[in-house]
Amino acid sequence: MRKSLILILVIAIGMISLVGFECFAEDVVKVGAVQPITGRFAFAGVQINAGLEDALMMANEEGGINGKKIEYIMEDGTYSVDKAVAAFKRIMARDNPVIMYGESTGMGKAVAPEIKDRYKVLYSSTSFSSELANVAENPYVFVPGPTYSDMFGILLKYIAKEKPGANVAFFYSDTEFGRDPVPYGREMCKKLGLNLVAEEVAKVGGVDVASQVLDLKRKKTEYVIFQGFVLSPVSTVIKQARDYGLKVKFMGTHWGTHKMLLDKMGPLAEGYLGVMPYAFYYQDDIPMIKKIRAWNKKHHPKVEYRPTSYMQGFLTGLVFVECLKRADKAGDLTGDGLVKALQSIKDFDVGGLMAPITVVDNKIPMGRVYKANVSKKIFEPITGWIRTD
Amino acid sequence: MRCGDFKESYIKDEEIFQSFFVKFWLALFFIFLILIPFVADAYILYIANLIGFAIIGAVGLNILTGFTGQISLGHAAFVGVGGYTAAILMTRLNFSFWLALPCAGLVAALAGLVIGIPSLRVKGLYLCMTTLAAQFIFEFIFIHWEFMTRGIRGINVPSPVLGNFPLDTEKRFYFLTLVMVVVAVGFARNLVRSRVGRAFVAIRDRDLAAEIMGISLFRYKLTAFAISSFYAGIAGTLWVSFMRIVTPDHFPFHLSIQYLAMVIVGGLGSVLGSIFGALFMVLTPELLNTLSSALSEMIPGVGQLFIPMKEVVFGALIVLFLIFEPRGLAEIWRRIKAFFLLWPFSY
């Protein structure tokens with residue numbers, strides 16, 4: 001009996017040493033992140049990660065959070081829910097950061113109840129899901145821009161102004177990402193007096209879209225808003241629509257407004273509109289873009305272009321830093337303190353990356369409509385900043 | 001074989017606990033399992049729970065694929081059926097978790113029965129295709145039967161409650177998982193040495209011969225499907241109650257592949273093998289993740305290179321295991337055990 005007792009003790013001691021002890025350093029502020037570095041979303045995840053890290057490191061170089069250094073802890077979530085949640089818990093257990101960044105809507109939903117009841121950290125993610133951005137239910141979740149619903153609102157407002165009573169169609173993917181803003185979009189159409197004539201659904205990456213395009217033609221659609229696609233089948237739809245002689249204006253939300261799409265579509269992109277909450281890398285007259293370019297030249301000399309996902313990460317970083325500064329000043333560097341700091345952000349200048357930010361309901365509901373310039377292969381702003389609140 | 005360990009009857013030969021030492025080590029191991037939650041942090045317990053669910057699912061699949069020889073590529077779908085059934089019963093009809101758990105298992109078993117019917121006519125690769133179809137049919141249902149499943153938005157599931165004691169943390173849930181794993185593994189271990197289990201093995205080894213011996217293929221093949229899906233349903237229920245949400249994202253096709261990999265890497269036709277397989281498939285990516293993060297921290301600037309490499313390493317590990325030990329981790333374990341049993345005087 002004694003032998004087994006000793007064995008148990010040995011095993012228990014082994015376990016404890018495995019779990020390890022944390023050393024707490026007073027002058028470090030920890031920010032954790034689970035990023036989709038591999039998996040389906042890696043093309044954006046790598047950029048978002050770079051943007052977020054650069055913003056935090058830039059703040060460190062400029063003196064940190066009132067003298068404290070930011071430590072950025074990143075793990076790969078592989079864009080699968082259980083791996084991402086595992087990485088989240090690992091970071092929380094090991095490093096106990098005050099801010100966490102997550103990789104997908106699915107992961108956000110899985111950790112949201114626990115963030116609220118147990119972890120109480122400020123949480124932001126790659127997702128612009130309207131369901132996550134619900135202050136009453138998820139008080140710790142911050143969306144670094146407008147939600148997909150807000151983006152629909154901005155586009156519909158633009159349409160209503162350009163052509164009151166126009167025939168509008170939604171073209172979305174059969175995913176959470178695709179369907180998210182559709183109910184709100186329907187409501188907005190009614191409110192703005194627009195005529196929602198069709199809702200087309202297609203697979204991400206699908207190629208056979210002829211029936212949907214013909215349906216758009218039959219219903220005399222004038223405006224089509226894409227949601228839930230990144231590349232395919234947007235170009236196929238536009239090409240077939242042009243072949244059938246449709247006079248339709250095509251539009252996209254955040255993930256449908258990027259340079260990759262223009263590069264792929266070439267001349268087909270003529271007249272394509274998109275809503276984007278952030279400035280583009282080539283708008284080098286904007287002070288913050290200048291700063292980002294200089295930083296990239298110094299720290300990532302091989303980089304020639306940074307897509308909008310980088311800007312998204314970067315802006316999130318700027319807001320994190322501001323929250324940390326405010327919470328630290330108030331002496332409450334906890335999740336609750338950070339949420340309070342977040343909600344106090346008003347007309348905060350981000351150097352033109354967005355218009356001065358005011359956080360409303362833990363999100364930044366504003367964006368700008370951009371138009372594709374086919375010869376230069378870039379998007380150019382055609383409106384000022386449109387707010388939806 | 002241990003010195004002086006003679007068996008005089010077949011019953012002795014089939015005993016689960018063959019000697020005092022087996023019982024001793026097993027008891028010690030259980031004490032260790034019970035002690036884990038008191039020393040481990042939330043992350044380790046989270047992984048421990050995931051391993052538990054994987055073990056239940058893998059044991060179920062091993063009964064079907066390893067023992068009965070019916071390859072299934074739709075195991076994740078049955079896990080999903082169980083998960084969704086439990087979620088719907090608990091949220092719509094206010095079933096308690098303890099009632100929803102067996103119900104979910106039964107519904108999954110029913111689904112398994114239906115999907116198993118083609119196995120009476122087709123075998124091997126063709127059966128692969130029909131079970132593959134099940135995977136896609138159920139995935140489609142999860143997404144599109146919005147009235148019931150709430151589509152991609154998913155259902156929020158309450159935590160199980162034991163008396164006045166909600167099992168809402170990893171630590172509390174761990175004990176539930178542990179009990180369920182013990183029950184599931186115990187049942188499977190006993191099943192395979194029963195008449196039913198022997199019928200399964202006979203069907204796997206040669207179905208024609210089995211039928212000539214008087215084994216009803218219809219009955220036993222469908223039984224295997226039902227039991228396997230029942231296990232999957234239980235695993236699914238535990239999983240969604242633990243995550244407190246169920247969405248179609250949880251049951252993708254590659255989860256089915258993963259279960260199959262667990263069974264193959266662990267050892268086909270071995271209950272212990274399923275446990276090893278589940279451990280391997282859940283732990284290795286986590287260890288690689290920790291390792292690659294640590295490496296990229298130590299050598300800054302190459303993180304982008306190391307992190308994707310873990311997928312490659314993981315794949316290579318599986319291939320290597322299969323080349324060097326086609327009978328799986330269970331066989332490696334047996335050899336290690338044999339070595340120590342005879343050490344230092346091997347034959």
# chains A, B, ... in the order shown; residues from 1 in each chain; ligands from 1
>>> interface_residues(of="chain B", to="chain A", cutoff="6 Å", atoms="only C-alpha atoms", output="list in words")
Val39, Tyr43, Ile152 and Pro308 of chain B
>>> residues_around(residues="range 262-265 of chain B", least_positions_apart="3", cutoff="12 Å", atoms="only C-alpha atoms", output="ChimeraX atom specification")
/B:51,54-67,69,71-72,75,255-259,268-284,315,317-332
>>> closest_residue(among="A:Gln35, A:Gln283, A:Asn362, A:Gln240", to="Gly51 in chain A", atoms="only C-alpha atoms")
A:Gln35
>>> residues_around(residues="Glu53 in chain A", least_positions_apart="6", cutoff="8 Å", atoms="only C-alpha atoms", output="PDB file with N, CA and C atoms, in the first residue's frame")
ATOM      1  N   TYR A  72       2.811  39.888 -27.330  1.00  0.00           N
ATOM      2  CA  TYR A  72       1.823  39.302 -28.235  1.00  0.00           C
ATOM      3  C   TYR A  72       2.033  37.797 -28.307  1.00  0.00           C
ATOM      4  N   GLY A 313      -6.546  43.774 -39.247  1.00  0.00           N
ATOM      5  CA  GLY A 313      -5.750  43.409 -38.073  1.00  0.00           C
ATOM      6  C   GLY A 313      -5.103  44.630 -37.456  1.00  0.00           C
ATOM      7  N   PHE A 314      -4.602  45.494 -38.303  1.00  0.00           N
ATOM      8  CA  PHE A 314      -3.900  46.676 -37.817  1.00  0.00           C
ATOM      9  C   PHE A 314      -4.840  47.593 -37.040  1.00  0.00           C
ATOM     10  N   GLY A 317      -5.581  46.296 -33.751  1.00  0.00           N
ATOM     11  CA  GLY A 317      -4.448  46.560 -32.873  1.00  0.00           C
ATOM     12  C   GLY A 317      -4.482  47.977 -32.326  1.00  0.00           C
TER      13      GLY A 317
END
>>> select_by_dssp(residues="range 57-190 of chain A", states="strand (DSSP E or B)", output="number ranges by chain")
A: 65, 68-76, 99-102, 122-125, 141-143, 167-173
>>> write_last_selection(atoms="N, CA, C and O atoms", output="mmCIF file, in the first residue's frame")
data_model
loop_
_atom_site.group_PDB
_atom_site.id
_atom_site.type_symbol
_atom_site.label_atom_id
_atom_site.label_comp_id
_atom_site.auth_asym_id
_atom_site.auth_seq_id
_atom_site.Cartn_x
_atom_site.Cartn_y
_atom_site.Cartn_z
ATOM 1 N N ILE A 65 2.333 50.717 -23.326
ATOM 2 C CA ILE A 65 1.127 51.166 -22.622
ATOM 3 C C ILE A 65 1.573 51.910 -21.376
ATOM 4 O O ILE A 65 1.838 51.299 -20.343
ATOM 5 N N LYS A 68 4.479 50.275 -20.094
ATOM 6 C CA LYS A 68 4.495 48.804 -20.065
ATOM 7 C C LYS A 68 4.591 48.262 -21.487
ATOM 8 O O LYS A 68 3.974 48.802 -22.402
ATOM 9 N N LYS A 69 5.337 47.189 -21.627
ATOM 10 C CA LYS A 69 5.481 46.570 -22.945
ATOM 11 C C LYS A 69 4.307 45.618 -23.206
ATOM 12 O O LYS A 69 3.800 44.969 -22.291
ATOM 13 N N ILE A 70 3.912 45.548 -24.475
ATOM 14 C CA ILE A 70 2.874 44.594 -24.858
ATOM 15 C C ILE A 70 3.556 43.302 -25.290
ATOM 16 O O ILE A 70 4.527 43.333 -26.040
ATOM 17 N N GLU A 71 3.047 42.175 -24.794
ATOM 18 C CA GLU A 71 3.558 40.895 -25.267
ATOM 19 C C GLU A 71 2.461 40.240 -26.102
ATOM 20 O O GLU A 71 1.331 40.080 -25.642
ATOM 21 N N TYR A 72 2.811 39.888 -27.330
ATOM 22 C CA TYR A 72 1.823 39.302 -28.235
ATOM 23 C C TYR A 72 2.033 37.797 -28.307
ATOM 24 O O TYR A 72 3.125 37.332 -28.639
ATOM 25 N N ILE A 73 0.994 37.053 -27.934
ATOM 26 C CA ILE A 73 1.107 35.598 -27.915
ATOM 27 C C ILE A 73 0.163 35.046 -28.967
ATOM 28 O O ILE A 73 -1.051 35.234 -28.878
ATOM 29 N N MET A 74 0.702 34.362 -29.970
ATOM 30 C CA MET A 74 -0.161 33.893 -31.049
ATOM 31 C C MET A 74 -0.061 32.374 -31.185
ATOM 32 O O MET A 74 1.021 31.820 -31.067
ATOM 33 N N GLU A 75 -1.202 31.752 -31.411
ATOM 34 C CA GLU A 75 -1.189 30.332 -31.733
ATOM 35 C C GLU A 75 -2.067 30.094 -32.949
ATOM 36 O O GLU A 75 -2.998 30.842 -33.216
ATOM 37 N N ASP A 76 -1.767 29.016 -33.646
ATOM 38 C CA ASP A 76 -2.511 28.686 -34.854
ATOM 39 C C ASP A 76 -3.791 27.939 -34.480
ATOM 40 O O ASP A 76 -3.764 26.989 -33.713
ATOM 41 N N ILE A 99 -6.550 40.508 -23.207
ATOM 42 C CA ILE A 99 -7.259 40.638 -24.481
ATOM 43 C C ILE A 99 -7.028 39.358 -25.283
ATOM 44 O O ILE A 99 -5.930 38.820 -25.279
ATOM 45 N N MET A 100 -8.087 38.883 -25.937
ATOM 46 C CA MET A 100 -7.919 37.732 -26.820
ATOM 47 C C MET A 100 -8.468 38.074 -28.199
ATOM 48 O O MET A 100 -9.432 38.813 -28.329
ATOM 49 N N TYR A 101 -7.821 37.499 -29.198
ATOM 50 C CA TYR A 101 -8.283 37.670 -30.573
ATOM 51 C C TYR A 101 -8.576 36.292 -31.144
ATOM 52 O O TYR A 101 -7.814 35.351 -30.921
ATOM 53 N N GLY A 102 -9.703 36.143 -31.839
ATOM 54 C CA GLY A 102 -10.100 34.822 -32.314
ATOM 55 C C GLY A 102 -10.223 34.756 -33.821
ATOM 56 O O GLY A 102 -10.233 35.771 -34.506
ATOM 57 N N LEU A 122 -11.439 41.093 -22.982
ATOM 58 C CA LEU A 122 -11.899 41.786 -24.179
ATOM 59 C C LEU A 122 -11.585 40.869 -25.363
ATOM 60 O O LEU A 122 -10.473 40.374 -25.490
ATOM 61 N N TYR A 123 -12.598 40.625 -26.203
ATOM 62 C CA TYR A 123 -12.418 39.672 -27.296
ATOM 63 C C TYR A 123 -12.772 40.318 -28.619
ATOM 64 O O TYR A 123 -13.791 40.985 -28.745
ATOM 65 N N SER A 124 -11.896 40.140 -29.589
ATOM 66 C CA SER A 124 -12.227 40.572 -30.936
ATOM 67 C C SER A 124 -11.841 39.457 -31.885
ATOM 68 O O SER A 124 -11.141 38.529 -31.496
ATOM 69 N N SER A 125 -12.322 39.519 -33.128
ATOM 70 C CA SER A 125 -12.008 38.416 -34.027
ATOM 71 C C SER A 125 -12.049 38.850 -35.475
ATOM 72 O O SER A 125 -12.392 39.982 -35.794
ATOM 73 N N VAL A 141 -17.379 41.238 -26.517
ATOM 74 C CA VAL A 141 -16.976 41.051 -27.912
ATOM 75 C C VAL A 141 -16.965 42.381 -28.655
ATOM 76 O O VAL A 141 -17.950 43.113 -28.657
ATOM 77 N N PHE A 142 -15.837 42.668 -29.283
ATOM 78 C CA PHE A 142 -15.683 43.900 -30.043
ATOM 79 C C PHE A 142 -15.506 43.560 -31.518
ATOM 80 O O PHE A 142 -14.728 42.677 -31.874
ATOM 81 N N VAL A 143 -16.256 44.237 -32.373
ATOM 82 C CA VAL A 143 -16.117 44.031 -33.820
ATOM 83 C C VAL A 143 -15.400 45.247 -34.402
ATOM 84 O O VAL A 143 -15.893 46.363 -34.294
ATOM 85 N N ASN A 167 -34.553 47.731 -58.352
ATOM 86 C CA ASN A 167 -34.677 46.281 -58.163
ATOM 87 C C ASN A 167 -33.353 45.719 -57.673
ATOM 88 O O ASN A 167 -32.355 45.759 -58.381
ATOM 89 N N VAL A 168 -33.378 45.163 -56.461
ATOM 90 C CA VAL A 168 -32.138 44.689 -55.847
ATOM 91 C C VAL A 168 -32.198 43.178 -55.682
ATOM 92 O O VAL A 168 -33.265 42.618 -55.455
ATOM 93 N N ALA A 169 -31.032 42.529 -55.818
ATOM 94 C CA ALA A 169 -30.962 41.093 -55.512
ATOM 95 C C ALA A 169 -29.776 40.836 -54.594
ATOM 96 O O ALA A 169 -28.769 41.533 -54.660
ATOM 97 N N PHE A 170 -29.924 39.839 -53.716
ATOM 98 C CA PHE A 170 -28.799 39.393 -52.887
ATOM 99 C C PHE A 170 -28.268 38.098 -53.469
ATOM 100 O O PHE A 170 -29.040 37.224 -53.832
ATOM 101 N N PHE A 171 -26.960 37.980 -53.546
ATOM 102 C CA PHE A 171 -26.334 36.773 -54.072
ATOM 103 C C PHE A 171 -25.373 36.291 -53.010
ATOM 104 O O PHE A 171 -24.339 36.896 -52.800
ATOM 105 N N TYR A 172 -25.739 35.207 -52.306
ATOM 106 C CA TYR A 172 -24.894 34.830 -51.177
ATOM 107 C C TYR A 172 -24.537 33.356 -51.166
ATOM 108 O O TYR A 172 -25.159 32.539 -51.819
ATOM 109 N N SER A 173 -23.507 33.043 -50.385
ATOM 110 C CA SER A 173 -23.046 31.663 -50.306
ATOM 111 C C SER A 173 -23.824 30.950 -49.221
ATOM 112 O O SER A 173 -24.399 31.557 -48.329
#
>>> residues_around(residues="Tyr140 in chain A", least_positions_apart="2", cutoff="8 Å", atoms="only C-alpha atoms", output="PDB file with C-alpha atoms, in the first residue's frame")
ATOM      1  CA  ILE A 115     -15.865  34.690 -22.051  1.00  0.00           C
ATOM      2  CA  LYS A 116     -18.937  36.197 -20.485  1.00  0.00           C
ATOM      3  CA  LYS A 120     -13.975  38.047 -18.841  1.00  0.00           C
ATOM      4  CA  VAL A 121     -11.456  39.254 -21.421  1.00  0.00           C
ATOM      5  CA  LEU A 122     -11.899  41.786 -24.179  1.00  0.00           C
ATOM      6  CA  TYR A 123     -12.418  39.672 -27.296  1.00  0.00           C
ATOM      7  CA  VAL A 135     -23.743  43.866 -26.698  1.00  0.00           C
ATOM      8  CA  ASN A 138     -21.767  39.284 -25.595  1.00  0.00           C
ATOM      9  CA  PHE A 142     -15.683  43.900 -30.043  1.00  0.00           C
ATOM     10  CA  GLY A 335     -11.549  42.682 -19.159  1.00  0.00           C
ATOM     11  CA  ASP A 336     -14.260  44.791 -17.548  1.00  0.00           C
ATOM     12  CA  VAL A 339     -14.737  47.066 -22.152  1.00  0.00           C
TER      13      VAL A 339
END
>>> select_by_dssp(residues="range 25-175 of chain B", states="helix (DSSP H, G or I)", output="PDB file with C-alpha atoms, in the first residue's frame")
ATOM      1  CA  TRP B  25      -1.637  -1.282 -12.748  1.00  0.00           C
ATOM      2  CA  LEU B  26      -5.138  -0.569 -13.943  1.00  0.00           C
ATOM      3  CA  ALA B  27      -6.194   0.516 -10.456  1.00  0.00           C
ATOM      4  CA  LEU B  28      -3.169   2.764 -10.275  1.00  0.00           C
ATOM      5  CA  PHE B  29      -3.989   4.208 -13.662  1.00  0.00           C
ATOM      6  CA  PHE B  30      -7.538   4.985 -12.548  1.00  0.00           C
ATOM      7  CA  ILE B  31      -6.305   6.725  -9.433  1.00  0.00           C
ATOM      8  CA  PHE B  32      -4.100   8.785 -11.702  1.00  0.00           C
ATOM      9  CA  LEU B  33      -7.058   9.609 -13.988  1.00  0.00           C
ATOM     10  CA  ILE B  34      -9.130  10.681 -10.999  1.00  0.00           C
ATOM     11  CA  LEU B  35      -6.322  12.837  -9.659  1.00  0.00           C
ATOM     12  CA  ILE B  36      -5.645  14.674 -12.934  1.00  0.00           C
ATOM     13  CA  PRO B  37      -8.403  17.298 -12.563  1.00  0.00           C
ATOM     14  CA  PHE B  38      -7.067  18.401  -9.203  1.00  0.00           C
ATOM     15  CA  VAL B  39      -3.684  19.326 -10.568  1.00  0.00           C
ATOM     16  CA  ALA B  42      -8.297  24.215 -17.885  1.00  0.00           C
ATOM     17  CA  TYR B  43      -6.443  23.591 -21.105  1.00  0.00           C
ATOM     18  CA  ILE B  44      -5.213  20.127 -20.175  1.00  0.00           C
ATOM     19  CA  LEU B  45      -8.679  19.190 -18.965  1.00  0.00           C
ATOM     20  CA  TYR B  46     -10.221  20.514 -22.151  1.00  0.00           C
ATOM     21  CA  ILE B  47      -7.936  18.251 -24.154  1.00  0.00           C
ATOM     22  CA  ALA B  48      -8.636  15.368 -21.761  1.00  0.00           C
ATOM     23  CA  ASN B  49     -12.353  15.774 -22.421  1.00  0.00           C
ATOM     24  CA  LEU B  50     -11.814  15.877 -26.183  1.00  0.00           C
ATOM     25  CA  ILE B  51      -9.760  12.700 -25.909  1.00  0.00           C
ATOM     26  CA  GLY B  52     -12.622  11.092 -24.019  1.00  0.00           C
ATOM     27  CA  PHE B  53     -15.151  11.926 -26.737  1.00  0.00           C
ATOM     28  CA  ALA B  54     -12.721  10.741 -29.397  1.00  0.00           C
ATOM     29  CA  ILE B  55     -12.242   7.439 -27.552  1.00  0.00           C
ATOM     30  CA  ILE B  56     -15.976   6.786 -27.400  1.00  0.00           C
ATOM     31  CA  GLY B  57     -16.384   7.609 -31.084  1.00  0.00           C
ATOM     32  CA  ALA B  58     -13.351   5.586 -32.114  1.00  0.00           C
ATOM     33  CA  VAL B  59     -14.348   2.529 -30.093  1.00  0.00           C
ATOM     34  CA  GLY B  60     -17.727   2.699 -31.840  1.00  0.00           C
ATOM     35  CA  LEU B  61     -16.145   2.883 -35.263  1.00  0.00           C
ATOM     36  CA  ASN B  62     -13.750   0.078 -34.400  1.00  0.00           C
ATOM     37  CA  ILE B  63     -16.683  -2.203 -33.636  1.00  0.00           C
ATOM     38  CA  LEU B  64     -17.974  -1.557 -37.134  1.00  0.00           C
ATOM     39  CA  THR B  65     -14.767  -1.283 -39.133  1.00  0.00           C
ATOM     40  CA  GLY B  66     -12.216  -3.157 -37.059  1.00  0.00           C
ATOM     41  CA  PHE B  67     -14.333  -6.041 -35.835  1.00  0.00           C
ATOM     42  CA  HIS B  75     -19.008   8.288 -38.718  1.00  0.00           C
ATOM     43  CA  ALA B  76     -18.952  12.039 -38.155  1.00  0.00           C
ATOM     44  CA  ALA B  77     -22.498  12.213 -39.506  1.00  0.00           C
ATOM     45  CA  PHE B  78     -23.702   9.872 -36.762  1.00  0.00           C
ATOM     46  CA  VAL B  79     -21.820  11.896 -34.180  1.00  0.00           C
ATOM     47  CA  GLY B  80     -23.697  14.863 -35.593  1.00  0.00           C
ATOM     48  CA  VAL B  81     -27.053  13.097 -35.499  1.00  0.00           C
ATOM     49  CA  GLY B  82     -26.487  12.341 -31.829  1.00  0.00           C
ATOM     50  CA  GLY B  83     -25.354  15.869 -31.073  1.00  0.00           C
ATOM     51  CA  TYR B  84     -28.261  17.487 -32.846  1.00  0.00           C
ATOM     52  CA  THR B  85     -30.834  15.107 -31.388  1.00  0.00           C
ATOM     53  CA  ALA B  86     -29.625  15.837 -27.882  1.00  0.00           C
ATOM     54  CA  ALA B  87     -29.517  19.582 -28.527  1.00  0.00           C
ATOM     55  CA  ILE B  88     -33.032  19.628 -29.955  1.00  0.00           C
ATOM     56  CA  LEU B  89     -34.454  17.427 -27.192  1.00  0.00           C
ATOM     57  CA  MET B  90     -32.850  19.535 -24.491  1.00  0.00           C
ATOM     58  CA  THR B  91     -33.825  22.920 -25.901  1.00  0.00           C
ATOM     59  CA  ARG B  92     -37.227  22.231 -27.479  1.00  0.00           C
ATOM     60  CA  PHE B  97     -29.306  15.684 -20.251  1.00  0.00           C
ATOM     61  CA  TRP B  98     -29.584  12.252 -18.666  1.00  0.00           C
ATOM     62  CA  LEU B  99     -32.673  11.434 -20.710  1.00  0.00           C
ATOM     63  CA  ALA B 100     -31.438  13.082 -23.877  1.00  0.00           C
ATOM     64  CA  LEU B 101     -28.191  11.098 -23.805  1.00  0.00           C
ATOM     65  CA  PRO B 102     -29.693   7.634 -24.412  1.00  0.00           C
ATOM     66  CA  CYS B 103     -32.332   9.098 -26.749  1.00  0.00           C
ATOM     67  CA  ALA B 104     -29.619  10.685 -28.872  1.00  0.00           C
ATOM     68  CA  GLY B 105     -27.771   7.388 -28.926  1.00  0.00           C
ATOM     69  CA  LEU B 106     -30.899   5.575 -30.052  1.00  0.00           C
ATOM     70  CA  VAL B 107     -31.714   8.074 -32.790  1.00  0.00           C
ATOM     71  CA  ALA B 108     -28.146   7.857 -34.048  1.00  0.00           C
ATOM     72  CA  ALA B 109     -28.419   4.055 -33.938  1.00  0.00           C
ATOM     73  CA  LEU B 110     -31.591   4.273 -36.014  1.00  0.00           C
ATOM     74  CA  ALA B 111     -29.825   6.465 -38.539  1.00  0.00           C
ATOM     75  CA  GLY B 112     -27.005   3.939 -38.564  1.00  0.00           C
ATOM     76  CA  LEU B 113     -29.453   1.121 -39.235  1.00  0.00           C
ATOM     77  CA  VAL B 114     -30.839   2.914 -42.263  1.00  0.00           C
ATOM     78  CA  ILE B 115     -27.428   3.817 -43.631  1.00  0.00           C
ATOM     79  CA  GLY B 116     -26.235   0.287 -42.930  1.00  0.00           C
ATOM     80  CA  ILE B 117     -28.830  -1.340 -45.158  1.00  0.00           C
ATOM     81  CA  PRO B 118     -26.716  -1.074 -48.340  1.00  0.00           C
ATOM     82  CA  SER B 119     -23.992  -3.040 -46.547  1.00  0.00           C
ATOM     83  CA  LEU B 120     -26.084  -6.142 -47.172  1.00  0.00           C
ATOM     84  CA  GLY B 124     -15.461  -2.739 -49.514  1.00  0.00           C
ATOM     85  CA  LEU B 125     -14.984   0.352 -51.601  1.00  0.00           C
ATOM     86  CA  TYR B 126     -18.621   0.360 -52.680  1.00  0.00           C
ATOM     87  CA  LEU B 127     -19.750   0.456 -49.072  1.00  0.00           C
ATOM     88  CA  CYS B 128     -17.301   3.327 -48.561  1.00  0.00           C
ATOM     89  CA  MET B 129     -19.235   5.265 -51.170  1.00  0.00           C
ATOM     90  CA  THR B 130     -22.643   4.634 -49.629  1.00  0.00           C
ATOM     91  CA  THR B 131     -21.480   5.658 -46.166  1.00  0.00           C
ATOM     92  CA  LEU B 132     -19.798   8.670 -47.722  1.00  0.00           C
ATOM     93  CA  ALA B 133     -23.197   9.609 -49.119  1.00  0.00           C
ATOM     94  CA  ALA B 134     -24.590   9.437 -45.587  1.00  0.00           C
ATOM     95  CA  GLN B 135     -22.011  11.970 -44.491  1.00  0.00           C
ATOM     96  CA  PHE B 136     -23.112  14.434 -47.139  1.00  0.00           C
ATOM     97  CA  ILE B 137     -26.829  13.812 -46.701  1.00  0.00           C
ATOM     98  CA  PHE B 138     -26.676  14.459 -42.979  1.00  0.00           C
ATOM     99  CA  GLU B 139     -24.434  17.477 -43.385  1.00  0.00           C
ATOM    100  CA  PHE B 140     -26.981  18.867 -45.811  1.00  0.00           C
ATOM    101  CA  ILE B 141     -29.780  18.215 -43.336  1.00  0.00           C
ATOM    102  CA  PHE B 142     -27.897  19.914 -40.497  1.00  0.00           C
ATOM    103  CA  ILE B 143     -27.461  23.029 -42.592  1.00  0.00           C
ATOM    104  CA  HIS B 144     -30.804  23.214 -44.339  1.00  0.00           C
ATOM    105  CA  GLU B 146     -33.372  25.292 -40.311  1.00  0.00           C
ATOM    106  CA  PHE B 147     -36.662  24.814 -38.572  1.00  0.00           C
ATOM    107  CA  MET B 148     -35.082  22.138 -36.396  1.00  0.00           C
ATOM    108  CA  THR B 149     -31.344  22.751 -36.484  1.00  0.00           C
ATOM    109  CA  GLY B 151     -28.984  26.025 -39.806  1.00  0.00           C
ATOM    110  CA  ILE B 152     -25.492  27.403 -39.639  1.00  0.00           C
ATOM    111  CA  ARG B 153     -26.322  29.555 -36.662  1.00  0.00           C
ATOM    112  CA  GLU B 170     -13.856  21.306 -17.864  1.00  0.00           C
ATOM    113  CA  LYS B 171     -13.070  19.869 -14.452  1.00  0.00           C
ATOM    114  CA  ARG B 172     -16.633  18.884 -13.601  1.00  0.00           C
ATOM    115  CA  PHE B 173     -17.355  17.604 -17.068  1.00  0.00           C
ATOM    116  CA  TYR B 174     -14.200  15.530 -16.962  1.00  0.00           C
ATOM    117  CA  PHE B 175     -15.698  13.161 -14.409  1.00  0.00           C
TER     118      PHE B 175
END
>>> atom_distance(atom1="CA of Gly205 in chain A", atom2="CA of Val374 in chain A")
23.0 Å
>>> residues_around(residues="Ala198 in chain A", least_positions_apart="5", cutoff="12 Å", atoms="only C-alpha atoms", output="list of chain:residue names")
A:Asn167, A:Val168, A:Ala169, A:Phe170, A:Phe171, A:Tyr172, A:Val182, A:Arg186, A:Cys189, A:Gln212, A:Val213, A:Leu214, A:Asp215, A:Leu216, A:Lys217, A:Arg218, A:Lys219, A:Lys220, A:Thr221, A:Glu222, A:Tyr223, A:Val224, A:Ile225
>>> closest_residue(among="A:Ile289, A:Ala372, A:Ala330, A:Leu338", to="Met354 in chain A", atoms="only C-alpha atoms")
A:Ile289
>>> atom_distance(atom1="CA of Pro307 in chain A", atom2="CA of Leu295 in chain B")
27.6 Å
>>> residues_around(residues="Lys376 in chain A", least_positions_apart="5", cutoff="12 Å", atoms="only C-alpha atoms", output="ChimeraX atom specification")
/A:259,262-263,266-267,269-270,282,371
